[in-house]
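> Supplied structure: data24.cif, mmCIF, C-alpha atoms.
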```cif
data_entry
#
loop_
_atom_site.label_atom_id
_atom_site.label_comp_id
_atom_site.auth_asym_id
_atom_site.auth_seq_id
_atom_site.Cartn_x
_atom_site.Cartn_y
_atom_site.Cartn_z
CA ASN A 1 -12.02 -7.75 4.32
CA ILE A 2 -14.27 -5.09 5.88
CA GLN A 3 -14.55 -6.89 9.23
CA GLN A 4 -10.78 -7.42 9.27
CA THR A 5 -10.20 -3.69 9.00
CA ASN A 6 -13.11 -2.25 11.06
CA ASP A 7 -12.43 -4.14 14.29
CA LYS A 8 -9.10 -3.40 16.01
CA ILE A 9 -8.66 -6.99 17.22
CA GLU A 10 -9.32 -8.34 13.73
CA PHE A 11 -7.09 -5.63 12.25
CA SER A 12 -4.28 -6.67 14.58
CA ASN A 13 -4.65 -10.28 13.43
CA PHE A 14 -4.84 -9.12 9.78
CA CYS A 15 -1.60 -7.12 10.11
CA SER A 16 0.16 -9.96 11.89
CA LYS A 17 -0.91 -12.50 9.26
CA HIS A 18 0.32 -10.30 6.38
CA ASP A 19 3.43 -8.91 8.09
CA LEU A 20 2.20 -5.31 8.04
CA PRO A 21 3.78 -2.84 10.50
CA TYR A 22 1.51 -1.94 13.42
CA PRO A 23 1.69 -1.71 17.20
CA LYS A 24 1.25 -5.36 18.25
CA MET A 25 -1.77 -6.23 20.36
CA LEU A 26 -0.63 -7.16 23.86
CA LYS A 27 -2.25 -10.38 25.06
CA GLU A 28 -0.26 -10.46 28.30
CA ILE A 29 1.09 -7.28 29.83
CA SER A 30 4.32 -7.00 31.79
CA ASN A 31 5.85 -4.02 33.57
CA SER A 32 8.19 -3.45 30.63
CA ASP A 33 5.23 -2.84 28.28
CA TYR A 34 4.37 0.59 29.73
CA PRO A 35 3.36 3.07 28.52
CA LEU A 36 0.59 1.42 26.55
CA ILE A 37 -2.64 2.49 24.94
CA VAL A 38 -6.00 0.88 25.69
CA LYS A 39 -8.90 1.36 23.30
CA PRO A 40 -12.25 -0.13 22.37
CA SER A 41 -11.96 -2.65 19.57
CA ASP A 42 -14.81 -1.14 17.59
CA CYS A 43 -14.90 2.63 18.19
CA PHE A 44 -13.27 5.48 16.30
CA SER A 45 -12.30 9.14 16.71
CA GLY A 46 -10.61 8.63 20.06
CA VAL A 47 -13.70 7.38 21.90
CA GLY A 48 -12.75 5.34 24.99
CA VAL A 49 -8.99 5.63 24.47
CA SER A 50 -6.53 5.90 27.39
CA VAL A 51 -2.77 5.98 27.69
CA VAL A 52 -1.67 3.92 30.69
CA ASN A 53 1.69 4.56 32.35
CA HIS A 54 1.32 2.38 35.47
CA PRO A 55 -0.10 -1.12 36.07
CA GLU A 56 -2.54 0.12 38.73
CA LYS A 57 -4.39 2.19 36.08
CA LEU A 58 -4.80 -0.69 33.62
CA SER A 59 -8.06 -2.23 34.88
CA ARG A 60 -9.74 1.18 34.95
CA ALA A 61 -8.65 1.91 31.36
CA PHE A 62 -9.94 -1.48 30.19
CA ALA A 63 -13.27 -0.92 31.98
CA TRP A 64 -13.65 2.49 30.31
CA ALA A 65 -12.78 1.14 26.84
CA GLN A 66 -15.17 -1.79 27.23
CA ARG A 67 -18.01 0.53 28.33
CA CYS A 68 -17.47 2.60 25.19
CA SER A 69 -17.40 -0.48 22.92
CA PRO A 70 -20.70 -1.68 21.42
CA THR A 71 -19.38 -5.26 21.79
CA ASN A 72 -17.65 -4.73 25.16
CA LYS A 73 -14.22 -5.52 23.63
CA ALA A 74 -10.98 -3.62 24.22
CA ILE A 75 -7.33 -4.02 23.30
CA ALA A 76 -3.97 -2.87 24.64
CA GLN A 77 -1.00 -1.99 22.44
CA PRO A 78 2.37 -0.35 23.01
CA PHE A 79 1.99 3.42 23.00
CA ILE A 80 3.95 4.76 20.02
CA SER A 81 4.94 8.39 20.43
CA GLY A 82 5.28 9.92 16.99
CA GLN A 83 3.53 12.05 14.39
CA LEU A 84 0.08 10.96 13.21
CA PHE A 85 -0.58 10.95 9.48
CA SER A 86 -3.32 9.65 7.25
CA ALA A 87 -3.43 8.73 3.60
CA SER A 88 -6.10 8.07 1.03
CA VAL A 89 -4.77 5.56 -1.46
CA PHE A 90 -6.20 4.94 -4.95
CA TYR A 91 -5.35 2.11 -7.35
CA ASN A 92 -6.07 2.65 -11.04
CA ASN A 93 -4.63 0.92 -14.12
CA GLY A 94 -1.72 -0.60 -12.19
CA ARG A 95 -0.78 2.71 -10.57
CA VAL A 96 -0.95 3.53 -6.86
CA ARG A 97 -1.67 7.19 -6.12
CA TYR A 98 -1.93 8.55 -2.60
CA PHE A 99 -2.19 11.73 -0.61
CA VAL A 100 -0.61 12.08 2.82
CA VAL A 101 -2.11 14.38 5.42
CA LYS A 102 -0.38 15.42 8.64
CA GLU A 103 -2.84 15.27 11.52
CA ASN A 104 -2.60 17.16 14.80
CA SER A 105 -4.66 17.01 17.98
CA HIS A 106 -4.63 20.18 20.04
CA ILE A 107 -7.85 19.86 22.06
CA ASP A 108 -8.35 16.10 22.54
CA PRO A 109 -5.18 14.00 22.21
CA PHE A 110 -7.07 11.25 20.30
CA SER A 111 -9.26 13.32 17.99
CA VAL A 112 -7.83 15.22 15.01
CA ASP A 113 -8.62 18.94 14.90
CA GLU A 114 -6.00 20.17 12.40
CA SER A 115 -4.77 18.58 9.20
CA TYR A 116 -3.04 19.50 5.97
CA VAL A 117 -1.58 17.76 2.93
CA VAL A 118 2.19 17.18 3.11
CA GLN A 119 5.00 15.68 1.07
CA LEU A 120 7.10 13.26 3.10
CA PRO A 121 10.89 12.92 2.64
CA LYS A 122 11.91 10.72 -0.31
CA GLY A 123 13.06 7.74 1.79
CA THR A 124 9.85 7.70 3.85
CA ASP A 125 7.79 8.21 0.72
CA GLN A 126 9.37 5.10 -0.86
CA ILE A 127 8.60 3.05 2.26
CA LEU A 128 4.97 4.20 2.00
CA GLN A 129 4.78 3.36 -1.73
CA ASP A 130 6.00 -0.16 -1.04
CA LEU A 131 3.66 -0.58 1.94
CA PHE A 132 0.61 0.65 0.03
CA ALA A 133 1.36 -1.63 -2.94
CA LYS A 134 1.64 -4.56 -0.50
CA ILE A 135 -1.69 -3.67 1.13
CA PHE A 136 -3.39 -3.67 -2.28
CA ARG A 137 -1.90 -7.12 -3.02
CA VAL A 138 -3.19 -8.39 0.34
CA LEU A 139 -6.67 -6.88 -0.13
CA GLY A 140 -7.07 -8.40 -3.58
CA LYS A 141 -7.55 -7.25 -7.15
CA HIS A 142 -11.04 -5.85 -6.63
CA GLN A 143 -10.04 -3.30 -3.99
CA LYS A 144 -9.30 0.06 -5.63
CA PHE A 145 -9.25 2.35 -2.58
CA PHE A 146 -8.37 2.42 1.10
CA HIS A 147 -7.77 5.06 3.72
CA THR A 148 -5.31 4.63 6.56
CA GLN A 149 -3.94 6.36 9.61
CA PHE A 150 -0.38 5.71 10.68
CA ILE A 151 2.21 6.97 13.10
CA LEU A 152 5.64 7.88 11.83
CA LYS A 153 8.44 7.53 14.38
CA ASP A 154 12.12 7.63 13.46
CA SER A 155 11.40 6.70 9.81
CA LYS A 156 9.28 3.71 10.92
CA ILE A 157 5.62 3.43 10.02
CA PHE A 158 3.02 1.93 12.36
CA LEU A 159 -0.45 1.41 10.89
CA ILE A 160 -3.18 2.50 13.29
CA GLU A 161 -6.23 1.78 11.18
CA LEU A 162 -7.24 0.86 7.67
CA MET A 163 -10.66 1.73 6.26
CA LEU A 164 -12.13 0.49 3.02
CA ARG A 165 -14.31 3.58 2.79
CA CYS A 166 -13.94 7.28 2.25
CA PRO A 167 -12.99 9.11 5.47
CA GLY A 168 -15.40 11.52 7.11
CA ASP A 169 -15.31 15.25 7.62
CA LEU A 170 -14.03 17.23 4.64
CA TYR A 171 -10.96 15.11 4.01
CA GLY A 172 -11.60 14.68 0.29
CA ARG A 173 -12.21 18.39 -0.13
CA LEU A 174 -8.92 19.12 1.66
CA VAL A 175 -7.10 16.90 -0.87
CA GLU A 176 -8.96 18.50 -3.80
CA LEU A 177 -8.15 22.06 -2.70
CA SER A 178 -4.51 21.19 -1.98
CA THR A 179 -3.75 19.13 -5.08
CA ASN A 180 -6.48 19.70 -7.74
CA PHE A 181 -7.04 15.91 -7.71
CA ASP A 182 -10.70 14.93 -8.25
CA TYR A 183 -10.89 12.95 -4.99
CA PHE A 184 -14.60 12.15 -5.02
CA GLY A 185 -14.73 11.47 -8.75
CA ASN A 186 -11.89 8.99 -8.43
CA TYR A 187 -13.41 7.45 -5.30
CA ILE A 188 -16.68 6.83 -7.14
#
```
Would you put the structure from the file into structure tokens?


Amino acid sequence: NIQQTNDKIEFSNFCSKHDLPYPKMLKEISNSDYPLIVKPSDCFSGVGVSVVNHPEKLSRAFAWAQRCSPTNKAIAQPFISGQLFSASVFYNNGRVRYFVVKENSHIDPFSVDESYVVQLPKGTDQILQDLFAKIFRVLGKHQKFFHTQFILKDSKIFLIELMLRCPGDLYGRLVELSTNFDYFGNYI
């Protein structure tokens, strides 16, 4: 499971296999696919990511992403313009509990520099509940936690990544201060 979620190519295959919503990996690119996003398959935090609006910029974006990749692999996906969110999702005694954080990027468009806990509208929240329950079913009965980033556009959710580990920075502390939930105690 870890390899299927850490590598963007494997994650794309994982989502496709389990009918999870995500921006499909483009194996062949046509003029109608632009704009698209090119990124290393195995980097995080916006490293090596480019948005490509014209075919003549594609080979340069792939070369940059591959240089940034430890394995020299890159992928292209449709560029989804929407709001970035993340969620830490816990499973305990048959109950799914999650915290949604709105993420903004003011300095670098692919690296989060502002985030805060939010409550999504009821309809979107129900879609997330169903999606998170499905992900736990797919991951198996031993998985009790995951963290994800997703884009919300017009009430549609597109998974960007799925980690089977606690996120970095002070994410857990943000959730604790905003909700009084013992994030790290529950993670452990």

> List the residues matched by the PyMOL selection byres ((chain A and resi 179) around 12) in the displayed structure as a list of chain:residue names, ordered by chain and then by residue number.

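On the file shown, the PyMOL selection byres ((chain A and resi 179) around 12) covers A:Tyr98, A:Phe99, A:Val100, A:Val101, A:Tyr116, A:Val117, A:Val118, A:Gln119, A:Gly172, A:Arg173, A:Leu174, A:Val175, A:Glu176, A:Leu177, A:Ser178, A:Asn180, A:Phe181, A:Asp182, A:Tyr183.
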
> Mind pulling up the distance from atom CA of A:Leu58 to atom CA of A:Pro35?

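Interatomic distance here is 10.3 Å.
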
> What are the closest atom pairs, with distances in Å to one decimal, for each residue of stretch 5-59 of chain A lying within 12 Å of stretch 131-144 of chain A, using all atoms listed in the file, rows by chain and rising residue number, as a tab-separated table?


```
residue	atom	partner	partner_atom	distance
A:Thr5	CA	A:Leu139	CA	10.3
A:Phe14	CA	A:Val138	CA	9.6
A:Cys15	CA	A:Ile135	CA	9.6
A:Lys17	CA	A:Val138	CA	10.1
A:His18	CA	A:Val138	CA	7.2
A:Asp19	CA	A:Lys134	CA	9.8
A:Leu20	CA	A:Leu131	CA	7.9
A:Pro21	CA	A:Leu131	CA	8.9
A:Tyr22	CA	A:Leu131	CA	11.8
```

> Please report the interatomic distance between atom CA of A:Ile151 and atom CA of A:His54 in Å with one decimal.

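Going from atom CA of A:Ile151 over to atom CA of A:His54, I get 22.9 Å.
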
> Edge lengths and centre, in Å to one decimal, as lines of an AutoDock Vina configuration file: that's what I need for the box along x, y and z that holds all listed atoms of stretch 104-115 of chain A plus 5 Å on each side.


```
center_x = -5.9
center_y = 15.7
center_z = 15.9
size_x = 16.7
size_y = 18.9
size_z = 23.3
```

> Run the PyMOL selection byres ((chain A and resi 11) around 12) mentally over the shown coordinates, then write out the matched residues as a PyMOL selection string, using the chain letters and numbers from the document.

chain A and resi 1-10+12-25+41-42+75+148+159-163

> Go ahead and save the residues from that selection, with C-alpha atoms, as a compact mmCIF listing (two decimals), in the frame of the given file.


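New file again.txt:
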```txt
# COMPACT_ATOMS: atom_id res chain seq x y z
CA ASN A 1 -12.02 -7.75 4.32
CA ILE A 2 -14.27 -5.09 5.88
CA GLN A 3 -14.55 -6.89 9.23
CA GLN A 4 -10.78 -7.42 9.27
CA THR A 5 -10.20 -3.69 9.00
CA ASN A 6 -13.11 -2.25 11.06
CA ASP A 7 -12.43 -4.14 14.29
CA LYS A 8 -9.10 -3.40 16.01
CA ILE A 9 -8.66 -6.99 17.22
CA GLU A 10 -9.32 -8.34 13.73
CA SER A 12 -4.28 -6.67 14.58
CA ASN A 13 -4.65 -10.28 13.43
CA PHE A 14 -4.84 -9.12 9.78
CA CYS A 15 -1.60 -7.12 10.11
CA SER A 16 0.16 -9.96 11.89
CA LYS A 17 -0.91 -12.50 9.26
CA HIS A 18 0.32 -10.30 6.38
CA ASP A 19 3.43 -8.91 8.09
CA LEU A 20 2.20 -5.31 8.04
CA PRO A 21 3.78 -2.84 10.50
CA TYR A 22 1.51 -1.94 13.42
CA PRO A 23 1.69 -1.71 17.20
CA LYS A 24 1.25 -5.36 18.25
CA MET A 25 -1.77 -6.23 20.36
CA SER A 41 -11.96 -2.65 19.57
CA ASP A 42 -14.81 -1.14 17.59
CA ILE A 75 -7.33 -4.02 23.30
CA THR A 148 -5.31 4.63 6.56
CA LEU A 159 -0.45 1.41 10.89
CA ILE A 160 -3.18 2.50 13.29
CA GLU A 161 -6.23 1.78 11.18
CA LEU A 162 -7.24 0.86 7.67
CA MET A 163 -10.66 1.73 6.26
```

> From the options A:Leu152, A:Cys166, A:Leu120, A:Ile188, which residue's atoms come nearest to A:Gly82, counting only C-alpha atoms?

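For A:Gly82, the nearest of the candidates is A:Leu152.
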
> Could you jot down the atom CA of A:Ser50 to atom CA of A:His147 separation for me, Å, one decimal place?

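Result for atom CA of A:Ser50 versus atom CA of A:His147: 23.7 Å, one decimal.
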
> Taking 6 positions as the minimum chain separation for residues in the same chain, which residues sit within 7 Å of A:Pro40 when counting only C-alpha atoms? Answer as an MDAnalysis selection string.

chainID A and resid 48:49 65:66 68:69 73:75

> I'd like the contact shell of A:Ser111 - 8 Å cut-off, only C-alpha atoms, skipping same-chain residues fewer than 4 positions apart - returned as a ChimeraX atom specification.

/A:45-46,105,107

> Rebuild stretch 157-185 of chain A to N, CA and C atoms - output it as a PDB file, in the coordinates of the input, please.


```
ATOM      1  N   ILE A 157       7.060   3.234  10.159  1.00  0.00           N
ATOM      2  CA  ILE A 157       5.620   3.430  10.020  1.00  0.00           C
ATOM      3  C   ILE A 157       4.894   2.378  10.836  1.00  0.00           C
ATOM      4  N   PHE A 158       3.881   2.817  11.581  1.00  0.00           N
ATOM      5  CA  PHE A 158       3.020   1.930  12.360  1.00  0.00           C
ATOM      6  C   PHE A 158       1.583   2.199  11.948  1.00  0.00           C
ATOM      7  N   LEU A 159       0.953   1.241  11.273  1.00  0.00           N
ATOM      8  CA  LEU A 159      -0.450   1.410  10.890  1.00  0.00           C
ATOM      9  C   LEU A 159      -1.318   1.452  12.143  1.00  0.00           C
ATOM     10  N   ILE A 160      -2.249   2.369  12.176  1.00  0.00           N
ATOM     11  CA  ILE A 160      -3.180   2.500  13.290  1.00  0.00           C
ATOM     12  C   ILE A 160      -4.542   1.957  12.892  1.00  0.00           C
ATOM     13  N   GLU A 161      -4.964   2.301  11.691  1.00  0.00           N
ATOM     14  CA  GLU A 161      -6.230   1.780  11.180  1.00  0.00           C
ATOM     15  C   GLU A 161      -6.207   1.767   9.673  1.00  0.00           C
ATOM     16  N   LEU A 162      -7.108   0.991   9.111  1.00  0.00           N
ATOM     17  CA  LEU A 162      -7.240   0.860   7.670  1.00  0.00           C
ATOM     18  C   LEU A 162      -8.731   0.775   7.373  1.00  0.00           C
ATOM     19  N   MET A 163      -9.232   1.707   6.591  1.00  0.00           N
ATOM     20  CA  MET A 163     -10.660   1.730   6.260  1.00  0.00           C
ATOM     21  C   MET A 163     -10.816   1.495   4.761  1.00  0.00           C
ATOM     22  N   LEU A 164     -11.846   0.749   4.427  1.00  0.00           N
ATOM     23  CA  LEU A 164     -12.130   0.490   3.020  1.00  0.00           C
ATOM     24  C   LEU A 164     -13.268   1.396   2.557  1.00  0.00           C
ATOM     25  N   ARG A 165     -13.304   2.579   3.123  1.00  0.00           N
ATOM     26  CA  ARG A 165     -14.310   3.580   2.790  1.00  0.00           C
ATOM     27  C   ARG A 165     -13.676   4.959   2.808  1.00  0.00           C
ATOM     28  N   CYS A 166     -14.383   5.899   2.251  1.00  0.00           N
ATOM     29  CA  CYS A 166     -13.940   7.280   2.250  1.00  0.00           C
ATOM     30  C   CYS A 166     -13.976   7.812   3.690  1.00  0.00           C
ATOM     31  N   PRO A 167     -12.974   8.561   4.118  1.00  0.00           N
ATOM     32  CA  PRO A 167     -12.990   9.110   5.470  1.00  0.00           C
ATOM     33  C   PRO A 167     -14.057  10.189   5.617  1.00  0.00           C
ATOM     34  N   GLY A 168     -14.374  10.516   6.851  1.00  0.00           N
ATOM     35  CA  GLY A 168     -15.400  11.520   7.110  1.00  0.00           C
ATOM     36  C   GLY A 168     -14.852  12.931   7.022  1.00  0.00           C
ATOM     37  N   ASP A 169     -15.613  13.822   7.611  1.00  0.00           N
ATOM     38  CA  ASP A 169     -15.310  15.250   7.620  1.00  0.00           C
ATOM     39  C   ASP A 169     -15.165  15.765   6.186  1.00  0.00           C
ATOM     40  N   LEU A 170     -14.250  16.646   5.963  1.00  0.00           N
ATOM     41  CA  LEU A 170     -14.030  17.230   4.640  1.00  0.00           C
ATOM     42  C   LEU A 170     -12.683  16.802   4.072  1.00  0.00           C
ATOM     43  N   TYR A 171     -12.274  15.598   4.405  1.00  0.00           N
ATOM     44  CA  TYR A 171     -10.960  15.110   4.010  1.00  0.00           C
ATOM     45  C   TYR A 171     -10.763  15.181   2.491  1.00  0.00           C
ATOM     46  N   GLY A 172     -11.711  14.662   1.750  1.00  0.00           N
ATOM     47  CA  GLY A 172     -11.600  14.680   0.290  1.00  0.00           C
ATOM     48  C   GLY A 172     -11.512  16.080  -0.262  1.00  0.00           C
ATOM     49  N   ARG A 173     -12.249  16.985   0.324  1.00  0.00           N
ATOM     50  CA  ARG A 173     -12.210  18.390  -0.130  1.00  0.00           C
ATOM     51  C   ARG A 173     -10.844  18.998   0.174  1.00  0.00           C
ATOM     52  N   LEU A 174     -10.261  18.658   1.325  1.00  0.00           N
ATOM     53  CA  LEU A 174      -8.920  19.120   1.660  1.00  0.00           C
ATOM     54  C   LEU A 174      -7.924  18.686   0.577  1.00  0.00           C
ATOM     55  N   VAL A 175      -8.000  17.418   0.170  1.00  0.00           N
ATOM     56  CA  VAL A 175      -7.100  16.900  -0.870  1.00  0.00           C
ATOM     57  C   VAL A 175      -7.365  17.627  -2.182  1.00  0.00           C
ATOM     58  N   GLU A 176      -8.638  17.818  -2.544  1.00  0.00           N
ATOM     59  CA  GLU A 176      -8.960  18.500  -3.800  1.00  0.00           C
ATOM     60  C   GLU A 176      -8.411  19.925  -3.824  1.00  0.00           C
ATOM     61  N   LEU A 177      -8.623  20.673  -2.744  1.00  0.00           N
ATOM     62  CA  LEU A 177      -8.150  22.060  -2.700  1.00  0.00           C
ATOM     63  C   LEU A 177      -6.627  22.154  -2.676  1.00  0.00           C
ATOM     64  N   SER A 178      -5.969  21.165  -2.101  1.00  0.00           N
ATOM     65  CA  SER A 178      -4.510  21.190  -1.980  1.00  0.00           C
ATOM     66  C   SER A 178      -3.793  20.681  -3.227  1.00  0.00           C
ATOM     67  N   THR A 179      -4.451  19.809  -3.996  1.00  0.00           N
ATOM     68  CA  THR A 179      -3.750  19.130  -5.080  1.00  0.00           C
ATOM     69  C   THR A 179      -4.430  19.212  -6.456  1.00  0.00           C
ATOM     70  N   ASN A 180      -5.663  19.698  -6.511  1.00  0.00           N
ATOM     71  CA  ASN A 180      -6.480  19.700  -7.740  1.00  0.00           C
ATOM     72  C   ASN A 180      -6.831  18.302  -8.223  1.00  0.00           C
ATOM     73  N   PHE A 181      -6.663  17.291  -7.392  1.00  0.00           N
ATOM     74  CA  PHE A 181      -7.040  15.910  -7.710  1.00  0.00           C
ATOM     75  C   PHE A 181      -8.539  15.756  -7.443  1.00  0.00           C
ATOM     76  N   ASP A 182      -9.256  15.154  -8.395  1.00  0.00           N
ATOM     77  CA  ASP A 182     -10.700  14.930  -8.250  1.00  0.00           C
ATOM     78  C   ASP A 182     -10.911  13.732  -7.302  1.00  0.00           C
ATOM     79  N   TYR A 183     -10.815  13.994  -6.010  1.00  0.00           N
ATOM     80  CA  TYR A 183     -10.890  12.950  -4.990  1.00  0.00           C
ATOM     81  C   TYR A 183     -12.187  12.150  -5.079  1.00  0.00           C
ATOM     82  N   PHE A 184     -13.314  12.843  -5.050  1.00  0.00           N
ATOM     83  CA  PHE A 184     -14.600  12.150  -5.020  1.00  0.00           C
ATOM     84  C   PHE A 184     -14.916  11.488  -6.342  1.00  0.00           C
ATOM     85  N   GLY A 185     -14.546  12.109  -7.447  1.00  0.00           N
ATOM     86  CA  GLY A 185     -14.730  11.470  -8.750  1.00  0.00           C
ATOM     87  C   GLY A 185     -13.939  10.190  -8.867  1.00  0.00           C
TER      88      GLY A 185
END
```
